[in-house]
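Data block for my_file_32.txt (compact mmCIF, C-alpha atoms and all ligand atoms):
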# COMPACT_ATOMS: atom_id res chain seq x y z
CA MET R 1 -2.05 -27.08 97.11
CA TYR R 2 -2.76 -26.81 93.41
CA TYR R 3 -0.71 -25.82 90.39
CA PRO R 4 -1.80 -22.66 88.52
CA GLU R 5 -5.14 -23.14 86.78
CA PRO R 6 -3.87 -23.79 83.18
CA ILE R 7 -1.56 -26.56 84.43
CA GLU R 8 -4.30 -28.12 86.56
CA HIS R 9 -6.63 -27.95 83.57
CA LEU R 10 -4.10 -29.73 81.35
CA ILE R 11 -3.49 -32.40 83.99
CA THR R 12 -7.25 -33.00 84.31
CA ASN R 13 -7.57 -33.35 80.53
CA LEU R 14 -4.60 -35.70 80.28
CA THR R 15 -6.03 -38.01 82.97
CA LYS R 16 -8.99 -38.62 80.64
CA LEU R 17 -6.63 -40.47 78.27
CA PRO R 18 -6.65 -44.28 78.64
CA GLY R 19 -4.07 -45.59 81.07
CA ILE R 20 -3.03 -42.13 82.28
CA GLY R 21 -3.30 -41.50 86.01
CA ARG R 22 -2.67 -38.18 87.78
CA LYS R 23 1.00 -38.94 88.34
CA THR R 24 1.72 -39.62 84.66
CA ALA R 25 -0.52 -36.71 83.62
CA THR R 26 1.50 -34.38 85.84
CA ARG R 27 4.75 -35.66 84.37
CA LEU R 28 3.41 -35.12 80.83
CA ALA R 29 2.09 -31.66 81.70
CA PHE R 30 5.53 -30.60 82.94
CA PHE R 31 7.18 -32.12 79.90
CA LEU R 32 4.92 -29.98 77.70
CA LEU R 33 5.47 -26.92 79.88
CA ASN R 34 9.21 -27.20 79.33
CA ALA R 35 9.01 -28.29 75.70
CA ASN R 36 9.77 -26.18 72.66
CA ARG R 37 6.78 -23.90 71.86
CA ASP R 38 6.71 -25.00 68.18
CA TYR R 39 6.40 -28.62 69.22
CA VAL R 40 3.51 -27.88 71.59
CA LEU R 41 1.67 -25.89 68.90
CA GLU R 42 2.29 -28.68 66.39
CA LEU R 43 0.90 -31.20 68.85
CA SER R 44 -2.23 -29.15 69.48
CA LYS R 45 -2.69 -28.77 65.72
CA SER R 46 -2.41 -32.56 65.30
CA LEU R 47 -5.13 -33.01 67.90
CA ALA R 48 -7.42 -30.54 66.14
CA ASP R 49 -6.67 -32.10 62.75
CA ILE R 50 -7.83 -35.59 63.68
CA LYS R 51 -11.18 -34.13 64.69
CA ASP R 52 -11.52 -31.67 61.79
CA ARG R 53 -10.07 -33.62 58.87
CA ILE R 54 -10.68 -37.30 59.55
CA ARG R 55 -14.03 -38.92 58.84
CA LEU R 56 -15.34 -42.35 57.95
CA CYS R 57 -15.45 -43.52 54.35
CA SER R 58 -19.15 -43.87 53.51
CA THR R 59 -18.43 -47.13 51.66
CA CYS R 60 -16.04 -49.19 53.82
CA PHE R 61 -16.02 -47.07 57.04
CA ASN R 62 -12.27 -46.72 56.99
CA LEU R 63 -10.78 -43.56 58.51
CA THR R 64 -10.08 -41.13 55.71
CA GLU R 65 -9.56 -37.53 54.65
CA LYS R 66 -11.54 -37.99 51.45
CA ASP R 67 -14.70 -39.92 50.82
CA PRO R 68 -14.65 -42.51 49.27
CA CYS R 69 -11.28 -43.47 50.67
CA GLU R 70 -8.15 -44.38 48.68
CA ILE R 71 -8.68 -48.09 49.16
CA CYS R 72 -12.26 -47.99 47.84
CA THR R 73 -11.18 -45.99 44.79
CA ASP R 74 -8.13 -48.19 44.06
CA GLU R 75 -9.06 -49.92 40.80
CA LYS R 76 -6.29 -52.50 41.08
CA ARG R 77 -7.73 -54.27 44.12
CA GLU R 78 -9.91 -57.38 44.00
CA LYS R 79 -13.32 -56.07 43.04
CA ASP R 80 -15.59 -58.85 44.20
CA ILE R 81 -13.97 -59.85 47.49
CA LEU R 82 -14.47 -58.00 50.76
CA CYS R 83 -12.38 -58.53 53.85
CA VAL R 84 -14.53 -57.86 56.94
CA VAL R 85 -12.66 -56.59 59.99
CA GLU R 86 -13.55 -55.22 63.43
CA GLU R 87 -11.54 -51.99 63.52
CA PRO R 88 -9.43 -49.74 61.26
CA SER R 89 -6.28 -50.92 63.07
CA HIS R 90 -7.09 -54.52 62.10
CA MET R 91 -7.45 -53.43 58.49
CA MET R 92 -4.02 -51.79 58.64
CA VAL R 93 -2.42 -55.04 59.82
CA ILE R 94 -4.01 -57.08 57.03
CA GLU R 95 -3.12 -54.38 54.53
CA SER R 96 0.54 -54.51 55.58
CA SER R 97 0.64 -58.29 55.20
CA TYR R 98 -1.04 -58.21 51.80
CA PRO R 99 -0.54 -54.70 50.38
CA ASN R 100 -2.92 -53.24 47.79
CA HIS R 101 -4.84 -56.46 47.46
CA TYR R 102 -8.17 -56.47 49.27
CA ARG R 103 -11.09 -54.15 49.71
CA PHE R 104 -12.39 -53.94 53.26
CA HIS R 105 -15.52 -53.49 55.28
CA ILE R 106 -14.94 -52.19 58.79
CA LEU R 107 -17.61 -53.12 61.31
CA HIS R 108 -16.48 -50.75 64.08
CA GLY R 109 -17.12 -53.32 66.77
CA VAL R 110 -18.36 -56.84 67.31
CA ILE R 111 -21.58 -58.29 68.65
CA ASN R 112 -21.27 -58.35 72.44
CA PRO R 113 -24.55 -58.95 74.30
CA LEU R 114 -22.90 -58.43 77.71
CA GLU R 115 -22.04 -54.88 76.72
CA GLY R 116 -25.35 -54.36 74.95
CA ILE R 117 -23.82 -54.29 71.46
CA GLY R 118 -26.17 -55.94 68.99
CA PRO R 119 -26.07 -56.48 65.21
CA ASP R 120 -27.62 -53.07 64.54
CA ASP R 121 -24.83 -51.32 66.45
CA ILE R 122 -22.11 -52.38 64.01
CA ARG R 123 -21.97 -51.81 60.24
CA LEU R 124 -23.78 -55.00 59.23
CA ASN R 125 -26.73 -53.51 57.35
CA GLU R 126 -24.23 -51.54 55.30
CA LEU R 127 -22.33 -54.77 54.59
CA LYS R 128 -25.50 -56.39 53.25
CA GLU R 129 -26.16 -53.37 51.04
CA ARG R 130 -22.62 -53.44 49.65
CA ILE R 131 -22.75 -57.14 48.83
CA LYS R 132 -25.84 -56.51 46.69
CA LYS R 133 -24.68 -53.25 45.14
CA GLU R 134 -21.07 -54.21 44.40
CA GLN R 135 -21.82 -57.78 43.29
CA ILE R 136 -19.49 -59.29 45.85
CA ARG R 137 -18.53 -62.92 45.26
CA GLU R 138 -16.71 -63.67 48.49
CA ILE R 139 -16.37 -62.21 51.97
CA ILE R 140 -13.45 -63.10 54.19
CA ILE R 141 -14.41 -62.68 57.84
CA ALA R 142 -11.32 -61.57 59.73
CA THR R 143 -12.78 -60.86 63.17
CA ASN R 144 -10.74 -61.95 66.20
CA PRO R 145 -10.79 -65.62 67.28
CA ASN R 146 -12.51 -64.86 70.60
CA ILE R 147 -16.14 -65.31 71.72
CA GLU R 148 -17.33 -61.96 70.33
CA GLY R 149 -15.40 -62.28 67.07
CA ASN R 150 -16.65 -65.82 66.52
CA THR R 151 -20.23 -64.87 67.41
CA THR R 152 -20.07 -62.01 64.92
CA ALA R 153 -18.58 -64.24 62.20
CA HIS R 154 -21.31 -66.82 62.78
CA TYR R 155 -24.03 -64.14 62.71
CA ILE R 156 -22.69 -62.75 59.43
CA SER R 157 -22.68 -66.18 57.84
CA GLU R 158 -26.30 -66.65 58.98
CA ILE R 159 -27.64 -63.38 57.62
CA LEU R 160 -25.86 -63.89 54.29
CA LYS R 161 -27.14 -67.40 53.73
CA GLY R 162 -29.44 -66.51 50.86
CA TYR R 163 -26.87 -64.34 49.08
CA ASN R 164 -25.11 -66.95 46.96
CA ILE R 165 -21.60 -65.81 47.90
CA ARG R 166 -18.63 -67.64 49.30
CA ILE R 167 -18.19 -66.88 53.01
CA THR R 168 -14.77 -67.68 54.43
CA ARG R 169 -13.15 -67.21 57.83
CA ILE R 170 -9.42 -66.55 58.26
CA ALA R 171 -7.55 -69.57 59.67
CA PHE R 172 -6.23 -69.64 63.23
CA GLY R 173 -3.21 -71.64 64.26
CA ILE R 174 0.40 -71.74 65.38
CA PRO R 175 2.16 -68.43 64.71
CA ILE R 176 5.01 -68.34 62.18
CA GLY R 177 8.23 -68.94 64.11
CA GLY R 178 6.21 -70.41 66.99
CA ASP R 179 6.71 -73.72 68.76
CA ILE R 180 4.14 -76.51 69.09
CA VAL R 181 5.30 -77.22 72.65
CA TYR R 182 4.30 -73.73 73.82
CA THR R 183 1.02 -73.58 71.93
CA ASP R 184 -2.26 -73.97 73.82
CA PRO R 185 -4.43 -77.01 73.00
CA GLN R 186 -7.23 -74.90 71.45
CA THR R 187 -4.82 -73.32 68.98
CA ILE R 188 -3.34 -76.74 68.16
CA LYS R 189 -6.87 -78.02 67.54
CA SER R 190 -7.58 -75.06 65.28
CA SER R 191 -4.34 -75.77 63.37
CA LEU R 192 -5.37 -79.39 62.87
CA ASP R 193 -8.89 -78.40 61.78
CA ASN R 194 -7.43 -75.90 59.30
CA ARG R 195 -4.67 -78.17 57.96
CA LYS R 196 -3.70 -77.94 54.30
CA ASP R 197 -2.52 -80.42 51.68
CA LEU R 198 1.18 -80.19 50.88
ZN ZN X 201 -13.45 -46.80 51.77

Represent the structure contained in this file as structure tokens.
Ligand SMILES: [Zn+2]
Amino acid sequence: MYYPEPIEHLITNLTKLPGIGRKTATRLAFFLLNANRDYVLELSKSLADIKDRIRLCSTCFNLTEKDPCEICTDEKREKDILCVVEEPSHMMVIESSYPNHYRFHILHGVINPLEGIGPDDIRLNELKERIKKEQIREIIIATNPNIEGNTTAHYISEILKGYNIRITRIAFGIPIGGDIVYTDPQTIKSSLDNRKDL
């Protein structure tokens, strides 16, 4: 027993979304079926808009409506420092903690040999080009503190050895408001290694 074809079609499409099984897809399909028509049209327009209007900035590879993006054209930001991140969402988090301060370079991934992602699959050649062209003085590598993020950070520092720039890595340690007792030994070690003078 199947629902009418348009409903089945919607359910099939919704199950392609991450974390959505047939049960949830069916629930969502019926929610949309009963929803206000204006809302459903607005939603479908939003879906079309992200495909039609959003592209990657050709400089930093941020998601943007105009190229170069607003961050790259913001004259007030540090000109000779680049913050290197894995994904646009990571950039957003750093931006919210330090608004209007840094310029970014978004790799769109990390080196991950197990998944067949090598240096040429992320925006590393473009990073090298930018460092030369924009006379960058420092890059802050803000990839995640996991195997892939660390491998990528190490690789970047290797390929930029001859560039005469400062290469820094964000510090990893106990979260603000955290408790030493509940912190894992590796994080404690990282906090000790990254200690600061008071
Ligand atoms: Zn940009």

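With all atoms listed in the file as the atoms that count, the minimum distance from ligand ZN 201 (chain X) to the choices R:Leu82, R:Ile71, R:Ile54, R:Leu47 is reached by R:Ile71.
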
message = If we count all atoms listed in the file and set the cut-off at 12 Å, which residues sit around Leu32 of chain R, ignoring sequence neighbours fewer than 3 positions away in its own chain? Please answer as a VMD selection string.
response = chain R and resid 7 10 to 11 14 25 to 29 35 to 44

Taking all atoms listed in the file into account, produce a table as JSON lines in which each residue of chain R with an atom at most 10 Å from an atom of ligand ZN 201 (chain X) appears once, together with its shortest atom pair and the distance in Å to one decimal, ordered by chain and rising number.
{"residue": "R:Leu56", "atom": "CA", "partner": "X:ZN201", "partner_atom": "ZN", "distance": 7.8}
{"residue": "R:Cys57", "atom": "CA", "partner": "X:ZN201", "partner_atom": "ZN", "distance": 4.6}
{"residue": "R:Ser58", "atom": "CA", "partner": "X:ZN201", "partner_atom": "ZN", "distance": 6.6}
{"residue": "R:Thr59", "atom": "CA", "partner": "X:ZN201", "partner_atom": "ZN", "distance": 5.0}
{"residue": "R:Cys60", "atom": "CA", "partner": "X:ZN201", "partner_atom": "ZN", "distance": 4.1}
{"residue": "R:Phe61", "atom": "CA", "partner": "X:ZN201", "partner_atom": "ZN", "distance": 5.9}
{"residue": "R:Asn62", "atom": "CA", "partner": "X:ZN201", "partner_atom": "ZN", "distance": 5.4}
{"residue": "R:Leu63", "atom": "CA", "partner": "X:ZN201", "partner_atom": "ZN", "distance": 7.9}
{"residue": "R:Thr64", "atom": "CA", "partner": "X:ZN201", "partner_atom": "ZN", "distance": 7.7}
{"residue": "R:Lys66", "atom": "CA", "partner": "X:ZN201", "partner_atom": "ZN", "distance": 9.0}
{"residue": "R:Asp67", "atom": "CA", "partner": "X:ZN201", "partner_atom": "ZN", "distance": 7.1}
{"residue": "R:Pro68", "atom": "CA", "partner": "X:ZN201", "partner_atom": "ZN", "distance": 5.1}
{"residue": "R:Cys69", "atom": "CA", "partner": "X:ZN201", "partner_atom": "ZN", "distance": 4.1}
{"residue": "R:Glu70", "atom": "CA", "partner": "X:ZN201", "partner_atom": "ZN", "distance": 6.6}
{"residue": "R:Ile71", "atom": "CA", "partner": "X:ZN201", "partner_atom": "ZN", "distance": 5.6}
{"residue": "R:Cys72", "atom": "CA", "partner": "X:ZN201", "partner_atom": "ZN", "distance": 4.3}
{"residue": "R:Thr73", "atom": "CA", "partner": "X:ZN201", "partner_atom": "ZN", "distance": 7.4}
{"residue": "R:Asp74", "atom": "CA", "partner": "X:ZN201", "partner_atom": "ZN", "distance": 9.5}
{"residue": "R:Arg103", "atom": "CA", "partner": "X:ZN201", "partner_atom": "ZN", "distance": 8.0}
{"residue": "R:Phe104", "atom": "CA", "partner": "X:ZN201", "partner_atom": "ZN", "distance": 7.4}
{"residue": "R:His105", "atom": "CA", "partner": "X:ZN201", "partner_atom": "ZN", "distance": 7.8}
{"residue": "R:Ile106", "atom": "CA", "partner": "X:ZN201", "partner_atom": "ZN", "distance": 9.0}

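Atom CA of Cys83 of chain R lies 6.6 Å from atom CA of Tyr102 of chain R.
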
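The nearest approach to Thr143 of chain R among the residues R:Asp49, R:Glu87, R:Asp193, R:Asp184, with all atoms listed in the file taken into account, belongs to R:Glu87.
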
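Picture a line from atom CA of Asn100 of chain R to atom CA of Ile81 of chain R; it runs 12.9 Å.
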
ask   = Contacts of Pro145 of chain R at 10 Å or less, counting only C-alpha atoms, minus same-chain residues fewer than 2 places along, as a PyMOL selection string?
value = chain R and resi 142-143+147-151+153+169-172+187

Per-axis box centre and lengths in Å around segment 183-194 of chain R, 6 Å margin per side, axis-aligned, as JSON:
{"center_x": -3.9, "center_y": -76.4, "center_z": 66.6, "size_x": 21.9, "size_y": 18.1, "size_z": 26.5}

request  = Would you mind reading off the distance between atom CA of Glu78 of chain R and atom CA of Ile140 of chain R, one decimal, in Å?
outcome  = 12.2 Å

Nearest to Lys133 of chain R by atom-to-atom distance, counting all atoms listed in the file, from R:Tyr98, R:Asp80, R:Ile156, R:Pro119 = R:Asp80

message = I need every residue sitting at most 10 Å from the point (-23.4, -59.1, 42.0) (coordinates as in the file, all atoms listed in the file considered), written as number ranges by chain.
response = R: 80, 130-137, 163-165

task = Between R:Glu86, R:Met91, R:Asn125, R:Leu17, single out the one closest to Gly109 of chain R, counting only C-alpha atoms.
result = R:Glu86

Export segment 38-84 of chain R, N, CA and C atoms, as a PDB file, in the first residue's frame; it's the structure right above.
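The result, stored in part01.pdb:
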ATOM      1  N   ASP R  38       1.611  29.127   1.649  1.00  0.00           N
ATOM      2  CA  ASP R  38       2.662  30.147   1.537  1.00  0.00           C
ATOM      3  C   ASP R  38       3.973  29.663   2.150  1.00  0.00           C
ATOM      4  N   TYR R  39       3.846  28.986   3.289  1.00  0.00           N
ATOM      5  CA  TYR R  39       5.054  28.478   3.945  1.00  0.00           C
ATOM      6  C   TYR R  39       5.747  27.446   3.053  1.00  0.00           C
ATOM      7  N   VAL R  40       4.973  26.543   2.468  1.00  0.00           N
ATOM      8  CA  VAL R  40       5.566  25.485   1.647  1.00  0.00           C
ATOM      9  C   VAL R  40       6.246  26.085   0.406  1.00  0.00           C
ATOM     10  N   LEU R  41       5.615  27.116  -0.193  1.00  0.00           N
ATOM     11  CA  LEU R  41       6.227  27.759  -1.352  1.00  0.00           C
ATOM     12  C   LEU R  41       7.503  28.497  -0.952  1.00  0.00           C
ATOM     13  N   GLU R  42       7.458  29.137   0.214  1.00  0.00           N
ATOM     14  CA  GLU R  42       8.629  29.841   0.738  1.00  0.00           C
ATOM     15  C   GLU R  42       9.779  28.861   0.970  1.00  0.00           C
ATOM     16  N   LEU R  43       9.433  27.710   1.529  1.00  0.00           N
ATOM     17  CA  LEU R  43      10.452  26.682   1.775  1.00  0.00           C
ATOM     18  C   LEU R  43      11.067  26.203   0.468  1.00  0.00           C
ATOM     19  N   SER R  44      10.232  25.955  -0.533  1.00  0.00           N
ATOM     20  CA  SER R  44      10.775  25.463  -1.801  1.00  0.00           C
ATOM     21  C   SER R  44      11.618  26.539  -2.476  1.00  0.00           C
ATOM     22  N   LYS R  45      11.258  27.819  -2.261  1.00  0.00           N
ATOM     23  CA  LYS R  45      12.058  28.907  -2.814  1.00  0.00           C
ATOM     24  C   LYS R  45      13.421  28.969  -2.100  1.00  0.00           C
ATOM     25  N   SER R  46      13.407  28.777  -0.786  1.00  0.00           N
ATOM     26  CA  SER R  46      14.672  28.760  -0.032  1.00  0.00           C
ATOM     27  C   SER R  46      15.596  27.668  -0.565  1.00  0.00           C
ATOM     28  N   LEU R  47      15.024  26.514  -0.854  1.00  0.00           N
ATOM     29  CA  LEU R  47      15.834  25.404  -1.361  1.00  0.00           C
ATOM     30  C   LEU R  47      16.445  25.755  -2.710  1.00  0.00           C
ATOM     31  N   ALA R  48      15.629  26.359  -3.584  1.00  0.00           N
ATOM     32  CA  ALA R  48      16.140  26.747  -4.905  1.00  0.00           C
ATOM     33  C   ALA R  48      17.201  27.841  -4.770  1.00  0.00           C
ATOM     34  N   ASP R  49      16.956  28.781  -3.846  1.00  0.00           N
ATOM     35  CA  ASP R  49      17.893  29.899  -3.670  1.00  0.00           C
ATOM     36  C   ASP R  49      19.298  29.457  -3.274  1.00  0.00           C
ATOM     37  N   ILE R  50      19.400  28.469  -2.391  1.00  0.00           N
ATOM     38  CA  ILE R  50      20.755  28.087  -1.972  1.00  0.00           C
ATOM     39  C   ILE R  50      21.531  27.481  -3.144  1.00  0.00           C
ATOM     40  N   LYS R  51      20.802  26.883  -4.092  1.00  0.00           N
ATOM     41  CA  LYS R  51      21.503  26.349  -5.252  1.00  0.00           C
ATOM     42  C   LYS R  51      21.763  27.429  -6.312  1.00  0.00           C
ATOM     43  N   ASP R  52      20.848  28.368  -6.455  1.00  0.00           N
ATOM     44  CA  ASP R  52      20.967  29.365  -7.523  1.00  0.00           C
ATOM     45  C   ASP R  52      21.802  30.580  -7.138  1.00  0.00           C
ATOM     46  N   ARG R  53      21.764  30.947  -5.854  1.00  0.00           N
ATOM     47  CA  ARG R  53      22.387  32.223  -5.472  1.00  0.00           C
ATOM     48  C   ARG R  53      23.673  32.100  -4.678  1.00  0.00           C
ATOM     49  N   ILE R  54      23.934  30.924  -4.123  1.00  0.00           N
ATOM     50  CA  ILE R  54      25.127  30.785  -3.283  1.00  0.00           C
ATOM     51  C   ILE R  54      26.258  30.137  -4.084  1.00  0.00           C
ATOM     52  N   ARG R  55      27.429  30.751  -4.001  1.00  0.00           N
ATOM     53  CA  ARG R  55      28.607  30.141  -4.616  1.00  0.00           C
ATOM     54  C   ARG R  55      29.789  30.320  -3.682  1.00  0.00           C
ATOM     55  N   LEU R  56      30.959  29.854  -4.112  1.00  0.00           N
ATOM     56  CA  LEU R  56      32.143  29.995  -3.273  1.00  0.00           C
ATOM     57  C   LEU R  56      32.901  31.241  -3.677  1.00  0.00           C
ATOM     58  N   CYS R  57      33.374  31.979  -2.677  1.00  0.00           N
ATOM     59  CA  CYS R  57      34.233  33.136  -2.944  1.00  0.00           C
ATOM     60  C   CYS R  57      35.505  32.613  -3.617  1.00  0.00           C
ATOM     61  N   SER R  58      35.921  33.233  -4.699  1.00  0.00           N
ATOM     62  CA  SER R  58      37.087  32.717  -5.423  1.00  0.00           C
ATOM     63  C   SER R  58      38.395  33.034  -4.696  1.00  0.00           C
ATOM     64  N   THR R  59      38.324  33.825  -3.635  1.00  0.00           N
ATOM     65  CA  THR R  59      39.536  34.135  -2.860  1.00  0.00           C
ATOM     66  C   THR R  59      39.662  33.220  -1.644  1.00  0.00           C
ATOM     67  N   CYS R  60      38.632  33.237  -0.773  1.00  0.00           N
ATOM     68  CA  CYS R  60      38.752  32.506   0.503  1.00  0.00           C
ATOM     69  C   CYS R  60      37.932  31.217   0.524  1.00  0.00           C
ATOM     70  N   PHE R  61      37.051  31.024  -0.463  1.00  0.00           N
ATOM     71  CA  PHE R  61      36.179  29.851  -0.578  1.00  0.00           C
ATOM     72  C   PHE R  61      35.084  29.794   0.480  1.00  0.00           C
ATOM     73  N   ASN R  62      34.746  30.969   0.973  1.00  0.00           N
ATOM     74  CA  ASN R  62      33.584  31.123   1.839  1.00  0.00           C
ATOM     75  C   ASN R  62      32.320  31.018   0.976  1.00  0.00           C
ATOM     76  N   LEU R  63      31.197  30.675   1.592  1.00  0.00           N
ATOM     77  CA  LEU R  63      29.926  30.684   0.874  1.00  0.00           C
ATOM     78  C   LEU R  63      29.447  32.130   0.757  1.00  0.00           C
ATOM     79  N   THR R  64      29.050  32.518  -0.435  1.00  0.00           N
ATOM     80  CA  THR R  64      28.719  33.923  -0.627  1.00  0.00           C
ATOM     81  C   THR R  64      27.733  34.129  -1.767  1.00  0.00           C
ATOM     82  N   GLU R  65      27.071  35.298  -1.740  1.00  0.00           N
ATOM     83  CA  GLU R  65      26.216  35.682  -2.870  1.00  0.00           C
ATOM     84  C   GLU R  65      27.005  36.501  -3.874  1.00  0.00           C
ATOM     85  N   LYS R  66      28.027  37.222  -3.386  1.00  0.00           N
ATOM     86  CA  LYS R  66      28.849  37.986  -4.322  1.00  0.00           C
ATOM     87  C   LYS R  66      30.315  37.629  -4.166  1.00  0.00           C
ATOM     88  N   ASP R  67      31.019  37.699  -5.265  1.00  0.00           N
ATOM     89  CA  ASP R  67      32.412  37.275  -5.308  1.00  0.00           C
ATOM     90  C   ASP R  67      33.290  38.466  -5.707  1.00  0.00           C
ATOM     91  N   PRO R  68      34.308  38.856  -4.937  1.00  0.00           N
ATOM     92  CA  PRO R  68      34.713  38.305  -3.643  1.00  0.00           C
ATOM     93  C   PRO R  68      33.715  38.604  -2.536  1.00  0.00           C
ATOM     94  N   CYS R  69      33.795  37.802  -1.493  1.00  0.00           N
ATOM     95  CA  CYS R  69      32.796  37.886  -0.423  1.00  0.00           C
ATOM     96  C   CYS R  69      33.000  39.132   0.442  1.00  0.00           C
ATOM     97  N   GLU R  70      32.069  39.368   1.351  1.00  0.00           N
ATOM     98  CA  GLU R  70      32.124  40.569   2.205  1.00  0.00           C
ATOM     99  C   GLU R  70      33.324  40.570   3.139  1.00  0.00           C
ATOM    100  N   ILE R  71      33.744  39.388   3.555  1.00  0.00           N
ATOM    101  CA  ILE R  71      34.898  39.330   4.460  1.00  0.00           C
ATOM    102  C   ILE R  71      36.165  39.718   3.694  1.00  0.00           C
ATOM    103  N   CYS R  72      36.317  39.175   2.486  1.00  0.00           N
ATOM    104  CA  CYS R  72      37.519  39.479   1.696  1.00  0.00           C
ATOM    105  C   CYS R  72      37.580  40.954   1.301  1.00  0.00           C
ATOM    106  N   THR R  73      36.444  41.602   1.151  1.00  0.00           N
ATOM    107  CA  THR R  73      36.458  43.003   0.731  1.00  0.00           C
ATOM    108  C   THR R  73      36.391  43.963   1.924  1.00  0.00           C
ATOM    109  N   ASP R  74      36.385  43.418   3.150  1.00  0.00           N
ATOM    110  CA  ASP R  74      36.325  44.262   4.347  1.00  0.00           C
ATOM    111  C   ASP R  74      37.723  44.823   4.642  1.00  0.00           C
ATOM    112  N   GLU R  75      37.884  46.097   4.392  1.00  0.00           N
ATOM    113  CA  GLU R  75      39.203  46.741   4.518  1.00  0.00           C
ATOM    114  C   GLU R  75      39.702  46.820   5.956  1.00  0.00           C
ATOM    115  N   LYS R  76      38.781  46.699   6.920  1.00  0.00           N
ATOM    116  CA  LYS R  76      39.173  46.901   8.314  1.00  0.00           C
ATOM    117  C   LYS R  76      39.827  45.658   8.949  1.00  0.00           C
ATOM    118  N   ARG R  77      39.743  44.547   8.263  1.00  0.00           N
ATOM    119  CA  ARG R  77      40.308  43.319   8.851  1.00  0.00           C
ATOM    120  C   ARG R  77      41.820  43.274   8.689  1.00  0.00           C
ATOM    121  N   GLU R  78      42.456  42.455   9.542  1.00  0.00           N
ATOM    122  CA  GLU R  78      43.902  42.239   9.452  1.00  0.00           C
ATOM    123  C   GLU R  78      44.250  41.838   8.015  1.00  0.00           C
ATOM    124  N   LYS R  79      45.160  42.546   7.419  1.00  0.00           N
ATOM    125  CA  LYS R  79      45.453  42.301   6.003  1.00  0.00           C
ATOM    126  C   LYS R  79      46.432  41.157   5.778  1.00  0.00           C
ATOM    127  N   ASP R  80      47.371  40.993   6.716  1.00  0.00           N
ATOM    128  CA  ASP R  80      48.446  40.043   6.442  1.00  0.00           C
ATOM    129  C   ASP R  80      48.393  38.782   7.304  1.00  0.00           C
ATOM    130  N   ILE R  81      47.220  38.548   7.907  1.00  0.00           N
ATOM    131  CA  ILE R  81      47.035  37.303   8.665  1.00  0.00           C
ATOM    132  C   ILE R  81      45.868  36.532   8.058  1.00  0.00           C
ATOM    133  N   LEU R  82      46.056  35.232   7.881  1.00  0.00           N
ATOM    134  CA  LEU R  82      44.962  34.396   7.387  1.00  0.00           C
ATOM    135  C   LEU R  82      44.669  33.325   8.426  1.00  0.00           C
ATOM    136  N   CYS R  83      43.402  33.126   8.709  1.00  0.00           N
ATOM    137  CA  CYS R  83      42.985  32.058   9.596  1.00  0.00           C
ATOM    138  C   CYS R  83      42.490  30.900   8.724  1.00  0.00           C
ATOM    139  N   VAL R  84      43.154  29.756   8.816  1.00  0.00           N
ATOM    140  CA  VAL R  84      42.838  28.617   7.952  1.00  0.00           C
ATOM    141  C   VAL R  84      41.901  27.660   8.682  1.00  0.00           C
TER     142      VAL R  84
END
